[in-house]
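Note: the block below is final-v6.pdb and it holds PDB, C-alpha atoms.
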```pdb
ATOM      1  CA  MET A   1     -22.570 -41.489 -33.400
ATOM      2  CA  ASP A   2     -21.372 -41.762 -37.030
ATOM      3  CA  GLN A   3     -22.249 -39.195 -39.719
ATOM      4  CA  ALA A   4     -24.932 -41.388 -41.306
ATOM      5  CA  ALA A   5     -26.715 -41.807 -37.976
ATOM      6  CA  GLN A   6     -26.457 -38.085 -37.274
ATOM      7  CA  ALA A   7     -27.952 -37.261 -40.671
ATOM      8  CA  ALA A   8     -30.806 -39.712 -40.134
ATOM      9  CA  GLN A   9     -31.541 -38.241 -36.719
ATOM     10  CA  ALA A  10     -31.513 -34.686 -38.109
ATOM     11  CA  ALA A  11     -33.869 -35.669 -40.920
ATOM     12  CA  GLN A  12     -36.234 -37.324 -38.472
ATOM     13  CA  ALA A  13     -36.241 -34.222 -36.251
ATOM     14  CA  ALA A  14     -36.904 -31.936 -39.212
ATOM     15  CA  GLN A  15     -39.777 -34.132 -40.378
ATOM     16  CA  ALA A  16     -41.297 -34.089 -36.877
ATOM     17  CA  ASP A  17     -41.061 -30.293 -36.695
ATOM     18  CA  ARG A  18     -42.881 -29.966 -40.026
ATOM     19  CA  ALA A  19     -45.655 -32.285 -38.880
ATOM     20  CA  LEU A  20     -47.166 -29.710 -36.505
ATOM     21  CA  PRO A  21     -48.677 -26.381 -37.649
ATOM     22  CA  ALA A  22     -47.599 -24.656 -34.431
ATOM     23  CA  ARG A  23     -45.370 -25.312 -31.460
ATOM     24  CA  LEU A  24     -47.246 -27.763 -29.254
ATOM     25  CA  SER A  25     -45.929 -29.017 -25.942
ATOM     26  CA  ILE A  26     -46.970 -31.379 -23.157
ATOM     27  CA  LEU A  27     -47.184 -31.014 -19.383
ATOM     28  CA  ASP A  28     -47.376 -34.366 -17.621
ATOM     29  CA  ARG A  29     -48.174 -34.356 -13.893
ATOM     30  CA  SER A  30     -47.486 -38.105 -13.529
ATOM     31  CA  LEU A  31     -51.022 -38.931 -12.394
ATOM     32  CA  VAL A  32     -51.389 -42.130 -10.377
ATOM     33  CA  ARG A  33     -54.097 -44.673 -11.212
ATOM     34  CA  ALA A  34     -55.999 -46.336  -8.365
ATOM     35  CA  GLY A  35     -54.356 -49.598  -7.321
ATOM     36  CA  GLU A  36     -51.002 -48.733  -8.917
ATOM     37  CA  HIS A  37     -47.749 -47.745  -7.201
ATOM     38  CA  PRO A  38     -46.597 -44.169  -7.965
ATOM     39  CA  ARG A  39     -43.476 -45.571  -9.635
ATOM     40  CA  ALA A  40     -45.692 -46.799 -12.485
ATOM     41  CA  ALA A  41     -46.816 -43.213 -13.177
ATOM     42  CA  LEU A  42     -43.227 -41.954 -13.191
ATOM     43  CA  ARG A  43     -42.089 -44.641 -15.609
ATOM     44  CA  GLU A  44     -45.098 -43.878 -17.788
ATOM     45  CA  THR A  45     -44.053 -40.218 -17.847
ATOM     46  CA  VAL A  46     -40.645 -41.156 -19.259
ATOM     47  CA  ARG A  47     -42.253 -43.424 -21.857
ATOM     48  CA  PHE A  48     -44.734 -40.688 -22.739
ATOM     49  CA  ALA A  49     -41.873 -38.225 -23.274
ATOM     50  CA  ARG A  50     -40.283 -40.552 -25.818
ATOM     51  CA  GLN A  51     -43.581 -40.769 -27.669
ATOM     52  CA  ALA A  52     -44.020 -36.975 -27.562
ATOM     53  CA  GLU A  53     -40.603 -36.555 -29.149
ATOM     54  CA  GLU A  54     -41.441 -39.039 -31.894
ATOM     55  CA  LEU A  55     -44.637 -37.118 -32.646
ATOM     56  CA  GLY A  56     -42.804 -33.814 -33.012
ATOM     57  CA  TYR A  57     -43.833 -31.977 -29.847
ATOM     58  CA  HIS A  58     -41.628 -29.035 -28.921
ATOM     59  CA  ARG A  59     -41.453 -29.285 -25.130
ATOM     60  CA  PHE A  60     -42.169 -31.847 -22.416
ATOM     61  CA  TRP A  61     -42.591 -30.480 -18.902
ATOM     62  CA  VAL A  62     -43.114 -32.149 -15.521
ATOM     63  CA  SER A  63     -44.658 -30.679 -12.373
ATOM     64  CA  GLU A  64     -44.153 -30.404  -8.620
ATOM     65  CA  HIS A  65     -46.718 -31.612  -6.070
ATOM     66  CA  HIS A  66     -46.067 -32.720  -2.497
ATOM     67  CA  GLY A  67     -48.012 -35.247  -0.429
ATOM     68  CA  VAL A  68     -50.697 -35.737  -3.118
ATOM     69  CA  PRO A  69     -51.967 -39.352  -3.401
ATOM     70  CA  GLY A  70     -52.910 -39.015  -7.059
ATOM     71  CA  ILE A  71     -49.766 -37.292  -8.335
ATOM     72  CA  ALA A  72     -46.324 -38.927  -8.325
ATOM     73  CA  GLY A  73     -44.366 -35.932  -9.637
ATOM     74  CA  SER A  74     -42.815 -34.510  -6.467
ATOM     75  CA  ALA A  75     -39.235 -33.838  -7.627
ATOM     76  CA  PRO A  76     -39.421 -32.107 -11.033
ATOM     77  CA  THR A  77     -35.708 -31.538 -11.623
ATOM     78  CA  VAL A  78     -34.960 -35.203 -10.876
ATOM     79  CA  LEU A  79     -37.740 -36.352 -13.189
ATOM     80  CA  ALA A  80     -36.649 -33.862 -15.854
ATOM     81  CA  ALA A  81     -33.187 -35.455 -15.782
ATOM     82  CA  ALA A  82     -34.711 -38.884 -16.378
ATOM     83  CA  VAL A  83     -36.837 -37.550 -19.249
ATOM     84  CA  ALA A  84     -33.892 -35.763 -20.852
ATOM     85  CA  SER A  85     -31.782 -38.910 -20.581
ATOM     86  CA  ALA A  86     -34.460 -40.939 -22.351
ATOM     87  CA  THR A  87     -34.875 -38.447 -25.228
ATOM     88  CA  SER A  88     -32.531 -36.695 -27.624
ATOM     89  CA  ARG A  89     -34.230 -33.662 -29.197
ATOM     90  CA  ILE A  90     -37.352 -32.469 -27.364
ATOM     91  CA  ARG A  91     -36.956 -29.622 -24.876
ATOM     92  CA  VAL A  92     -37.397 -30.729 -21.269
ATOM     93  CA  GLY A  93     -38.468 -28.576 -18.356
ATOM     94  CA  THR A  94     -40.579 -27.978 -15.307
ATOM     95  CA  GLY A  95     -44.099 -26.694 -15.082
ATOM     96  CA  GLY A  96     -42.964 -25.806 -12.634
ATOM     97  CA  VAL A  97     -40.547 -25.735  -9.746
ATOM     98  CA  MET A  98     -42.422 -23.980  -6.918
ATOM     99  CA  LEU A  99     -39.786 -21.488  -5.888
ATOM    100  CA  PRO A 100     -41.176 -20.708  -2.395
ATOM    101  CA  ASN A 101     -40.549 -24.362  -1.472
ATOM    102  CA  HIS A 102     -36.822 -24.134  -2.226
ATOM    103  CA  GLN A 103     -33.714 -22.029  -1.739
ATOM    104  CA  PRO A 104     -32.991 -20.134  -5.001
ATOM    105  CA  LEU A 105     -29.313 -21.110  -4.827
ATOM    106  CA  VAL A 106     -30.190 -24.814  -4.834
ATOM    107  CA  VAL A 107     -32.646 -24.346  -7.724
ATOM    108  CA  ALA A 108     -29.949 -22.534  -9.725
ATOM    109  CA  GLU A 109     -27.482 -25.328  -9.051
ATOM    110  CA  GLN A 110     -29.987 -27.994 -10.105
ATOM    111  CA  PHE A 111     -30.787 -26.293 -13.400
ATOM    112  CA  GLY A 112     -27.113 -25.602 -13.913
ATOM    113  CA  VAL A 113     -26.452 -29.318 -13.698
ATOM    114  CA  LEU A 114     -29.341 -30.101 -16.062
ATOM    115  CA  GLU A 115     -28.191 -27.557 -18.639
ATOM    116  CA  SER A 116     -24.611 -28.821 -18.383
ATOM    117  CA  LEU A 117     -25.707 -32.400 -19.006
ATOM    118  CA  PHE A 118     -28.284 -31.581 -21.710
ATOM    119  CA  PRO A 119     -27.137 -28.286 -23.268
ATOM    120  CA  GLY A 120     -29.734 -26.307 -25.198
ATOM    121  CA  ARG A 121     -32.660 -28.529 -24.169
ATOM    122  CA  ILE A 122     -33.636 -27.385 -20.667
ATOM    123  CA  ASP A 123     -36.483 -25.009 -19.699
ATOM    124  CA  MET A 124     -36.824 -23.541 -16.198
ATOM    125  CA  GLY A 125     -40.537 -23.156 -15.475
ATOM    126  CA  LEU A 126     -41.126 -21.476 -12.108
ATOM    127  CA  GLY A 127     -44.244 -21.108  -9.960
ATOM    128  CA  ARG A 128     -45.159 -19.418  -6.691
ATOM    129  CA  SER A 129     -47.488 -21.964  -5.076
ATOM    130  CA  VAL A 130     -46.807 -23.495  -1.670
ATOM    131  CA  GLY A 131     -48.051 -26.740  -0.140
ATOM    132  CA  PHE A 132     -51.833 -27.117   0.022
ATOM    133  CA  THR A 133     -52.055 -28.197   3.673
ATOM    134  CA  ASP A 134     -50.531 -27.012   6.941
ATOM    135  CA  GLY A 135     -48.786 -30.356   7.382
ATOM    136  CA  ILE A 136     -47.092 -30.203   3.980
ATOM    137  CA  ARG A 137     -46.054 -26.574   4.460
ATOM    138  CA  LYS A 138     -44.607 -27.427   7.858
ATOM    139  CA  ALA A 139     -42.667 -30.362   6.376
ATOM    140  CA  LEU A 140     -41.332 -28.069   3.622
ATOM    141  CA  ARG A 141     -40.426 -25.422   6.245
ATOM    142  CA  VAL A 142     -42.453 -22.728   4.465
ATOM    143  CA  GLY A 143     -45.295 -20.546   5.680
ATOM    144  CA  LYS A 144     -48.611 -19.954   3.970
ATOM    145  CA  ASP A 145     -47.485 -16.437   3.033
ATOM    146  CA  ALA A 146     -44.214 -17.594   1.419
ATOM    147  CA  ALA A 147     -45.708 -17.037  -2.051
ATOM    148  CA  GLY A 148     -45.528 -13.289  -1.363
ATOM    149  CA  GLU A 149     -41.729 -13.460  -1.616
ATOM    150  CA  PHE A 150     -41.751 -15.018  -5.085
ATOM    151  CA  ALA A 151     -40.629 -11.877  -6.941
ATOM    152  CA  GLU A 152     -37.596 -11.447  -4.662
ATOM    153  CA  GLN A 153     -36.747 -15.146  -4.934
ATOM    154  CA  LEU A 154     -37.003 -14.950  -8.713
ATOM    155  CA  THR A 155     -34.611 -11.981  -8.821
ATOM    156  CA  GLU A 156     -32.164 -13.872  -6.631
ATOM    157  CA  LEU A 157     -32.390 -17.012  -8.748
ATOM    158  CA  LEU A 158     -31.735 -15.184 -12.021
ATOM    159  CA  GLY A 159     -28.818 -13.414 -10.360
ATOM    160  CA  TYR A 160     -27.042 -16.721  -9.845
ATOM    161  CA  PHE A 161     -27.092 -17.296 -13.590
ATOM    162  CA  ASP A 162     -25.803 -13.851 -14.594
ATOM    163  CA  GLY A 163     -23.167 -13.757 -11.846
ATOM    164  CA  SER A 164     -24.528 -10.699 -10.030
ATOM    165  CA  ARG A 165     -24.809 -12.424  -6.644
ATOM    166  CA  ALA A 166     -22.086 -12.434  -4.010
ATOM    167  CA  VAL A 167     -22.287 -16.221  -3.867
ATOM    168  CA  HIS A 168     -21.462 -18.040  -7.099
ATOM    169  CA  ALA A 169     -23.722 -20.927  -8.145
ATOM    170  CA  ARG A 170     -21.790 -23.673  -9.858
ATOM    171  CA  PRO A 171     -22.264 -24.764 -12.599
ATOM    172  CA  ALA A 172     -25.187 -22.377 -13.262
ATOM    173  CA  GLU A 173     -23.248 -19.120 -13.483
ATOM    174  CA  GLY A 174     -22.826 -18.018 -17.095
ATOM    175  CA  LEU A 175     -25.319 -20.512 -18.481
ATOM    176  CA  ARG A 176     -28.454 -19.415 -20.315
ATOM    177  CA  VAL A 177     -31.460 -21.489 -19.231
ATOM    178  CA  PRO A 178     -34.791 -20.124 -20.556
ATOM    179  CA  ALA A 179     -36.991 -19.132 -17.605
ATOM    180  CA  PHE A 180     -40.809 -19.116 -17.619
ATOM    181  CA  VAL A 181     -43.227 -17.851 -14.958
ATOM    182  CA  LEU A 182     -46.457 -19.721 -14.235
ATOM    183  CA  ALA A 183     -49.355 -17.272 -13.937
ATOM    184  CA  VAL A 184     -50.839 -18.140 -10.564
ATOM    185  CA  GLY A 185     -52.183 -15.131  -8.705
ATOM    186  CA  SER A 186     -49.879 -12.190  -9.458
ATOM    187  CA  GLY A 187     -47.614 -14.329 -11.636
ATOM    188  CA  ALA A 188     -48.462 -12.436 -14.830
ATOM    189  CA  ARG A 189     -47.368  -9.103 -13.348
ATOM    190  CA  ILE A 190     -44.158 -10.603 -11.971
ATOM    191  CA  ALA A 191     -43.360 -12.201 -15.334
ATOM    192  CA  ALA A 192     -43.804  -8.822 -17.053
ATOM    193  CA  GLU A 193     -41.609  -6.987 -14.545
ATOM    194  CA  HIS A 194     -38.804  -9.532 -14.929
ATOM    195  CA  GLY A 195     -39.075  -9.673 -18.726
ATOM    196  CA  LEU A 196     -39.857 -13.394 -18.748
ATOM    197  CA  PRO A 197     -42.192 -15.576 -20.830
ATOM    198  CA  LEU A 198     -45.584 -16.283 -19.271
ATOM    199  CA  VAL A 199     -47.349 -19.631 -18.904
ATOM    200  CA  ILE A 200     -51.058 -19.349 -18.147
ATOM    201  CA  GLY A 201     -53.812 -21.938 -17.830
ATOM    202  CA  ALA A 202     -56.901 -21.709 -20.032
ATOM    203  CA  ALA A 203     -59.575 -21.533 -17.331
ATOM    204  CA  ARG A 204     -63.369 -21.448 -17.565
ATOM    205  CA  ASP A 205     -63.273 -17.664 -17.178
ATOM    206  CA  GLU A 206     -61.700 -16.856 -20.528
ATOM    207  CA  GLY A 207     -62.191 -13.120 -19.984
ATOM    208  CA  ARG A 208     -60.074 -13.198 -16.853
ATOM    209  CA  MET A 209     -57.332 -15.099 -18.649
ATOM    210  CA  LEU A 210     -57.322 -12.654 -21.583
ATOM    211  CA  GLU A 211     -57.217  -9.729 -19.152
ATOM    212  CA  ALA A 212     -54.160 -11.222 -17.446
ATOM    213  CA  VAL A 213     -52.433 -11.788 -20.798
ATOM    214  CA  GLU A 214     -53.190  -8.250 -21.976
ATOM    215  CA  GLY A 215     -51.913  -6.825 -18.696
ATOM    216  CA  TYR A 216     -48.731  -8.867 -19.069
ATOM    217  CA  ARG A 217     -48.135  -7.644 -22.615
ATOM    218  CA  THR A 218     -48.779  -4.023 -21.664
ATOM    219  CA  ALA A 219     -46.460  -4.075 -18.642
ATOM    220  CA  PHE A 220     -43.740  -6.229 -20.203
ATOM    221  CA  SER A 221     -40.204  -4.972 -19.653
ATOM    222  CA  PRO A 222     -37.726  -6.373 -22.225
ATOM    223  CA  GLY A 223     -34.654  -8.011 -20.762
ATOM    224  CA  PRO A 224     -31.925 -10.573 -21.394
ATOM    225  CA  TYR A 225     -34.407 -13.471 -21.272
ATOM    226  CA  ALA A 226     -36.990 -12.103 -23.719
ATOM    227  CA  ALA A 227     -37.048  -9.053 -25.998
ATOM    228  CA  ALA A 228     -40.839  -9.175 -26.347
ATOM    229  CA  PRO A 229     -43.821 -10.719 -24.534
ATOM    230  CA  TYR A 230     -44.150 -14.467 -25.001
ATOM    231  CA  VAL A 231     -47.245 -16.370 -23.860
ATOM    232  CA  VAL A 232     -47.753 -20.113 -23.476
ATOM    233  CA  VAL A 233     -51.373 -21.224 -22.929
ATOM    234  CA  ALA A 234     -51.904 -24.499 -21.064
ATOM    235  CA  VAL A 235     -54.997 -26.477 -22.088
ATOM    236  CA  ASN A 236     -56.393 -29.703 -20.647
ATOM    237  CA  ALA A 237     -57.135 -31.510 -23.912
ATOM    238  CA  ALA A 238     -58.039 -35.014 -25.085
ATOM    239  CA  VAL A 239     -58.396 -36.256 -28.658
ATOM    240  CA  ALA A 240     -60.016 -39.499 -29.844
ATOM    241  CA  ASP A 241     -61.847 -40.937 -32.843
ATOM    242  CA  THR A 242     -65.157 -39.620 -31.474
ATOM    243  CA  GLU A 243     -66.058 -36.715 -29.224
ATOM    244  CA  GLN A 244     -67.707 -39.099 -26.742
ATOM    245  CA  GLU A 245     -64.589 -41.242 -26.467
ATOM    246  CA  ALA A 246     -62.409 -38.183 -25.946
ATOM    247  CA  ALA A 247     -64.731 -36.852 -23.242
ATOM    248  CA  ARG A 248     -64.590 -40.196 -21.455
ATOM    249  CA  LEU A 249     -60.784 -40.048 -21.296
ATOM    250  CA  GLN A 250     -60.974 -36.965 -19.069
ATOM    251  CA  ILE A 251     -63.555 -38.243 -16.590
ATOM    252  CA  PRO A 252     -61.025 -39.746 -14.119
ATOM    253  CA  GLU A 253     -59.032 -36.514 -13.773
ATOM    254  CA  ALA A 254     -62.210 -34.421 -13.491
ATOM    255  CA  TRP A 255     -63.439 -36.615 -10.651
ATOM    256  CA  SER A 256     -60.099 -36.446  -8.801
ATOM    257  CA  THR A 257     -60.229 -32.663  -9.185
ATOM    258  CA  ALA A 258     -63.736 -32.655  -7.707
ATOM    259  CA  VAL A 259     -62.524 -34.771  -4.780
ATOM    260  CA  ALA A 260     -59.677 -32.316  -4.218
ATOM    261  CA  ARG A 261     -62.096 -29.377  -4.169
ATOM    262  CA  THR A 262     -64.555 -31.043  -1.798
ATOM    263  CA  LYS A 263     -62.258 -33.123   0.437
ATOM    264  CA  GLY A 264     -58.873 -31.431   0.012
ATOM    265  CA  ASP A 265     -56.998 -34.335  -1.569
ATOM    266  CA  PHE A 266     -56.389 -35.152  -5.261
ATOM    267  CA  ALA A 267     -57.132 -38.882  -5.309
ATOM    268  CA  PRO A 268     -55.646 -41.569  -7.604
ATOM    269  CA  LEU A 269     -57.553 -41.892 -10.872
ATOM    270  CA  LEU A 270     -60.549 -44.226 -10.859
ATOM    271  CA  PRO A 271     -61.924 -45.902 -14.028
ATOM    272  CA  ALA A 272     -64.484 -43.763 -15.877
ATOM    273  CA  ALA A 273     -67.185 -46.443 -15.601
ATOM    274  CA  GLU A 274     -66.854 -46.524 -11.811
ATOM    275  CA  ILE A 275     -67.152 -42.741 -11.587
ATOM    276  CA  LEU A 276     -70.211 -42.580 -13.845
ATOM    277  CA  ALA A 277     -71.895 -45.219 -11.688
ATOM    278  CA  ARG A 278     -71.398 -43.197  -8.502
ATOM    279  CA  SER A 279     -74.141 -41.331  -6.719
ATOM    280  CA  MET A 280     -72.579 -37.884  -6.256
ATOM    281  CA  THR A 281     -73.590 -35.393  -3.617
ATOM    282  CA  GLU A 282     -74.738 -31.995  -4.840
ATOM    283  CA  ARG A 283     -71.408 -30.492  -3.824
ATOM    284  CA  GLU A 284     -69.447 -33.227  -5.597
ATOM    285  CA  ARG A 285     -71.580 -32.882  -8.720
ATOM    286  CA  THR A 286     -71.013 -29.107  -8.818
ATOM    287  CA  ALA A 287     -67.254 -29.516  -8.453
ATOM    288  CA  TYR A 288     -67.166 -32.322 -11.021
ATOM    289  CA  GLU A 289     -69.093 -30.324 -13.618
ATOM    290  CA  ALA A 290     -66.883 -27.299 -12.996
ATOM    291  CA  ALA A 291     -63.811 -29.441 -13.663
ATOM    292  CA  ARG A 292     -65.378 -30.758 -16.855
ATOM    293  CA  GLU A 293     -66.060 -27.246 -18.126
ATOM    294  CA  SER A 294     -62.342 -26.447 -18.192
ATOM    295  CA  GLN A 295     -61.527 -29.523 -20.302
ATOM    296  CA  LEU A 296     -61.236 -29.487 -24.099
ATOM    297  CA  HIS A 297     -62.085 -32.712 -25.911
ATOM    298  CA  GLY A 298     -63.181 -33.967 -29.314
ATOM    299  CA  THR A 299     -61.980 -35.388 -32.599
ATOM    300  CA  GLU A 300     -58.679 -34.326 -34.132
ATOM    301  CA  GLU A 301     -60.396 -31.760 -36.367
ATOM    302  CA  GLY A 302     -62.681 -30.503 -33.623
ATOM    303  CA  VAL A 303     -59.958 -29.901 -31.065
ATOM    304  CA  ALA A 304     -57.732 -28.206 -33.650
TER     305      ALA A 304
END
```

Mind turning the file's structure into structure tokens?
Amino acid sequence: MDQAAQAAQAAQAAQADRALPARLSILDRSLVRAGEHPRAALRETVRFARQAEELGYHRFWVSEHHGVPGIAGSAPTVLAAAVASATSRIRVGTGGVMLPNHQPLVVAEQFGVLESLFPGRIDMGLGRSVGFTDGIRKALRVGKDAAGEFAEQLTELLGYFDGSRAVHARPAEGLRVPAFVLAVGSGARIAAEHGLPLVIGAARDEGRMLEAVEGYRTAFSPGPYAAAPYVVVAVNAAVADTEQEAARLQIPEAWSTAVARTKGDFAPLLPAAEILARSMTERERTAYEAARESQLHGTEEGVA
């Protein structure tokens, strides 16, 4: 790239950074629409990441789900590589890699490769969830109680980066990849003990969320990854010209969430009109309304 092109790119990045009043990021789970092949959702995720970079977003994260009909994102580090290849400035990461499903050494190696290929742009978001069904857990070779070993796995993983393990992870050792802990269950406490940034979802029970954040800040132990508590709040948000239009955008995901809570499977997204025309059971209606309560929607000014 010549100097003129570099200067133009730097100016564009600076302008994008100034466009937002705060650091805003995106988590894309690569949701599948009914009637479409999952590959369409994955390609849309890469396209979406390019758009997010153009708009000045700070981070773009992808998630990990296994055996879920409505979610195509099953291999977050692979997808993160595709996103990073298609962009040039935005930070790229995982929200997150579910550590109990993997060997920490392999996770360290994967992020070592990512950081080596895209230096200074990779985030390592880590969670403690395991597969939702017995069949998926069996296929992943993990037990239902594997989440209880998350803290030990996290310690092991970080050790491969700082070189304190007997086995040396190449090319991860010596690299600095920012690590984040997703607050599921005891995640907030574990993040505090390890001195890591916390990512927490904005749930319907705001008091419970604030209590978890306060507990994290109180118990935080400074370390090489963070000198002070750092909290990222994840919000399910939609913005449109009118509040009604924005609310309609979130209907398909709310319905798939309701299906997951009543039938155990997150289904591909149906059109909003088809969902509104359905005759829901009382249980489905309760789950659907609960999913809607956790969604934020409105006009640009209203959501801000």

Report task. Could you state which residues are captured by the PyMOL selection byres ((chain A and resi 153-159) around 10) in this file, as number ranges by chain? Result -> A: 99-100, 102-109, 126-128, 147-152, 160-169, 172-173, 176-177, 179, 181, 190-191, 194, 225

Any chance you can output those residues with C-alpha atoms as a compact mmCIF listing (two decimals), keeping the file's coordinate frame?
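selection-v9.txt written:
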```txt
# COMPACT_ATOMS: atom_id res chain seq x y z
CA LEU A 99 -39.79 -21.49 -5.89
CA PRO A 100 -41.18 -20.71 -2.40
CA HIS A 102 -36.82 -24.13 -2.23
CA GLN A 103 -33.71 -22.03 -1.74
CA PRO A 104 -32.99 -20.13 -5.00
CA LEU A 105 -29.31 -21.11 -4.83
CA VAL A 106 -30.19 -24.81 -4.83
CA VAL A 107 -32.65 -24.35 -7.72
CA ALA A 108 -29.95 -22.53 -9.72
CA GLU A 109 -27.48 -25.33 -9.05
CA LEU A 126 -41.13 -21.48 -12.11
CA GLY A 127 -44.24 -21.11 -9.96
CA ARG A 128 -45.16 -19.42 -6.69
CA ALA A 147 -45.71 -17.04 -2.05
CA GLY A 148 -45.53 -13.29 -1.36
CA GLU A 149 -41.73 -13.46 -1.62
CA PHE A 150 -41.75 -15.02 -5.08
CA ALA A 151 -40.63 -11.88 -6.94
CA GLU A 152 -37.60 -11.45 -4.66
CA TYR A 160 -27.04 -16.72 -9.85
CA PHE A 161 -27.09 -17.30 -13.59
CA ASP A 162 -25.80 -13.85 -14.59
CA GLY A 163 -23.17 -13.76 -11.85
CA SER A 164 -24.53 -10.70 -10.03
CA ARG A 165 -24.81 -12.42 -6.64
CA ALA A 166 -22.09 -12.43 -4.01
CA VAL A 167 -22.29 -16.22 -3.87
CA HIS A 168 -21.46 -18.04 -7.10
CA ALA A 169 -23.72 -20.93 -8.14
CA ALA A 172 -25.19 -22.38 -13.26
CA GLU A 173 -23.25 -19.12 -13.48
CA ARG A 176 -28.45 -19.42 -20.32
CA VAL A 177 -31.46 -21.49 -19.23
CA ALA A 179 -36.99 -19.13 -17.60
CA VAL A 181 -43.23 -17.85 -14.96
CA ILE A 190 -44.16 -10.60 -11.97
CA ALA A 191 -43.36 -12.20 -15.33
CA HIS A 194 -38.80 -9.53 -14.93
CA TYR A 225 -34.41 -13.47 -21.27
```

Report task. Determine, counting all atoms listed in the file, every residue of protein, DNA or RNA that lies within 7 Å of (-52.7, -34.8, -5.1) in the file coordinates, then give the result as JSON, numbers by chain. Result -> {"A": [65, 67, 68, 69, 70, 71, 265, 266, 267]}

With C-alpha atoms retained, export the selected residues as a PDB file, keeping the file's coordinate frame.
```
ATOM      1  CA  HIS A  65     -46.718 -31.612  -6.070  1.00  0.00           C
ATOM      2  CA  GLY A  67     -48.012 -35.247  -0.429  1.00  0.00           C
ATOM      3  CA  VAL A  68     -50.697 -35.737  -3.118  1.00  0.00           C
ATOM      4  CA  PRO A  69     -51.967 -39.352  -3.401  1.00  0.00           C
ATOM      5  CA  GLY A  70     -52.910 -39.015  -7.059  1.00  0.00           C
ATOM      6  CA  ILE A  71     -49.766 -37.292  -8.335  1.00  0.00           C
ATOM      7  CA  ASP A 265     -56.998 -34.335  -1.569  1.00  0.00           C
ATOM      8  CA  PHE A 266     -56.389 -35.152  -5.261  1.00  0.00           C
ATOM      9  CA  ALA A 267     -57.132 -38.882  -5.309  1.00  0.00           C
TER      10      ALA A 267
END
```

Requested in this report: Could you tell me how far CA of Glu301 in chain A lies from CA of Glu245 in chain A, in Å and to one decimal?
Outcome: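 Rounded to one decimal, the two atoms are 14.3 Å apart.
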
Take the PyMOL selection byres ((chain A and resi 50-63) around 10), apply it to the structure above, and return the hits as an mmCIF file with C-alpha atoms, keeping the file's coordinate frame.
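Written output follows (result_15.cif):
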```cif
data_model
loop_
_atom_site.group_PDB
_atom_site.id
_atom_site.type_symbol
_atom_site.label_atom_id
_atom_site.label_comp_id
_atom_site.auth_asym_id
_atom_site.auth_seq_id
_atom_site.Cartn_x
_atom_site.Cartn_y
_atom_site.Cartn_z
ATOM 1 C CA GLN A 12 -36.234 -37.324 -38.472
ATOM 2 C CA ALA A 13 -36.241 -34.222 -36.251
ATOM 3 C CA ALA A 14 -36.904 -31.936 -39.212
ATOM 4 C CA GLN A 15 -39.777 -34.132 -40.378
ATOM 5 C CA ALA A 16 -41.297 -34.089 -36.877
ATOM 6 C CA ASP A 17 -41.061 -30.293 -36.695
ATOM 7 C CA ARG A 18 -42.881 -29.966 -40.026
ATOM 8 C CA ALA A 19 -45.655 -32.285 -38.880
ATOM 9 C CA LEU A 20 -47.166 -29.710 -36.505
ATOM 10 C CA ALA A 22 -47.599 -24.656 -34.431
ATOM 11 C CA ARG A 23 -45.370 -25.312 -31.460
ATOM 12 C CA LEU A 24 -47.246 -27.763 -29.254
ATOM 13 C CA SER A 25 -45.929 -29.017 -25.942
ATOM 14 C CA ILE A 26 -46.970 -31.379 -23.157
ATOM 15 C CA LEU A 27 -47.184 -31.014 -19.383
ATOM 16 C CA ASP A 28 -47.376 -34.366 -17.621
ATOM 17 C CA ARG A 29 -48.174 -34.356 -13.893
ATOM 18 C CA SER A 30 -47.486 -38.105 -13.529
ATOM 19 C CA GLU A 44 -45.098 -43.878 -17.788
ATOM 20 C CA THR A 45 -44.053 -40.218 -17.847
ATOM 21 C CA VAL A 46 -40.645 -41.156 -19.259
ATOM 22 C CA ARG A 47 -42.253 -43.424 -21.857
ATOM 23 C CA PHE A 48 -44.734 -40.688 -22.739
ATOM 24 C CA ALA A 49 -41.873 -38.225 -23.274
ATOM 25 C CA GLU A 64 -44.153 -30.404 -8.620
ATOM 26 C CA HIS A 65 -46.718 -31.612 -6.070
ATOM 27 C CA ILE A 71 -49.766 -37.292 -8.335
ATOM 28 C CA ALA A 72 -46.324 -38.927 -8.325
ATOM 29 C CA GLY A 73 -44.366 -35.932 -9.637
ATOM 30 C CA SER A 74 -42.815 -34.510 -6.467
ATOM 31 C CA ALA A 75 -39.235 -33.838 -7.627
ATOM 32 C CA PRO A 76 -39.421 -32.107 -11.033
ATOM 33 C CA THR A 77 -35.708 -31.538 -11.623
ATOM 34 C CA VAL A 78 -34.960 -35.203 -10.876
ATOM 35 C CA LEU A 79 -37.740 -36.352 -13.189
ATOM 36 C CA ALA A 80 -36.649 -33.862 -15.854
ATOM 37 C CA VAL A 83 -36.837 -37.550 -19.249
ATOM 38 C CA ALA A 84 -33.892 -35.763 -20.852
ATOM 39 C CA ALA A 86 -34.460 -40.939 -22.351
ATOM 40 C CA THR A 87 -34.875 -38.447 -25.228
ATOM 41 C CA SER A 88 -32.531 -36.695 -27.624
ATOM 42 C CA ARG A 89 -34.230 -33.662 -29.197
ATOM 43 C CA ILE A 90 -37.352 -32.469 -27.364
ATOM 44 C CA ARG A 91 -36.956 -29.622 -24.876
ATOM 45 C CA VAL A 92 -37.397 -30.729 -21.269
ATOM 46 C CA GLY A 93 -38.468 -28.576 -18.356
ATOM 47 C CA THR A 94 -40.579 -27.978 -15.307
ATOM 48 C CA GLY A 95 -44.099 -26.694 -15.082
ATOM 49 C CA GLY A 96 -42.964 -25.806 -12.634
ATOM 50 C CA VAL A 97 -40.547 -25.735 -9.746
ATOM 51 C CA MET A 98 -42.422 -23.980 -6.918
ATOM 52 C CA ARG A 121 -32.660 -28.529 -24.169
ATOM 53 C CA ILE A 122 -33.636 -27.385 -20.667
ATOM 54 C CA ASP A 123 -36.483 -25.009 -19.699
ATOM 55 C CA MET A 124 -36.824 -23.541 -16.198
ATOM 56 C CA GLY A 125 -40.537 -23.156 -15.475
ATOM 57 C CA LEU A 126 -41.126 -21.476 -12.108
ATOM 58 C CA GLY A 127 -44.244 -21.108 -9.960
#
```
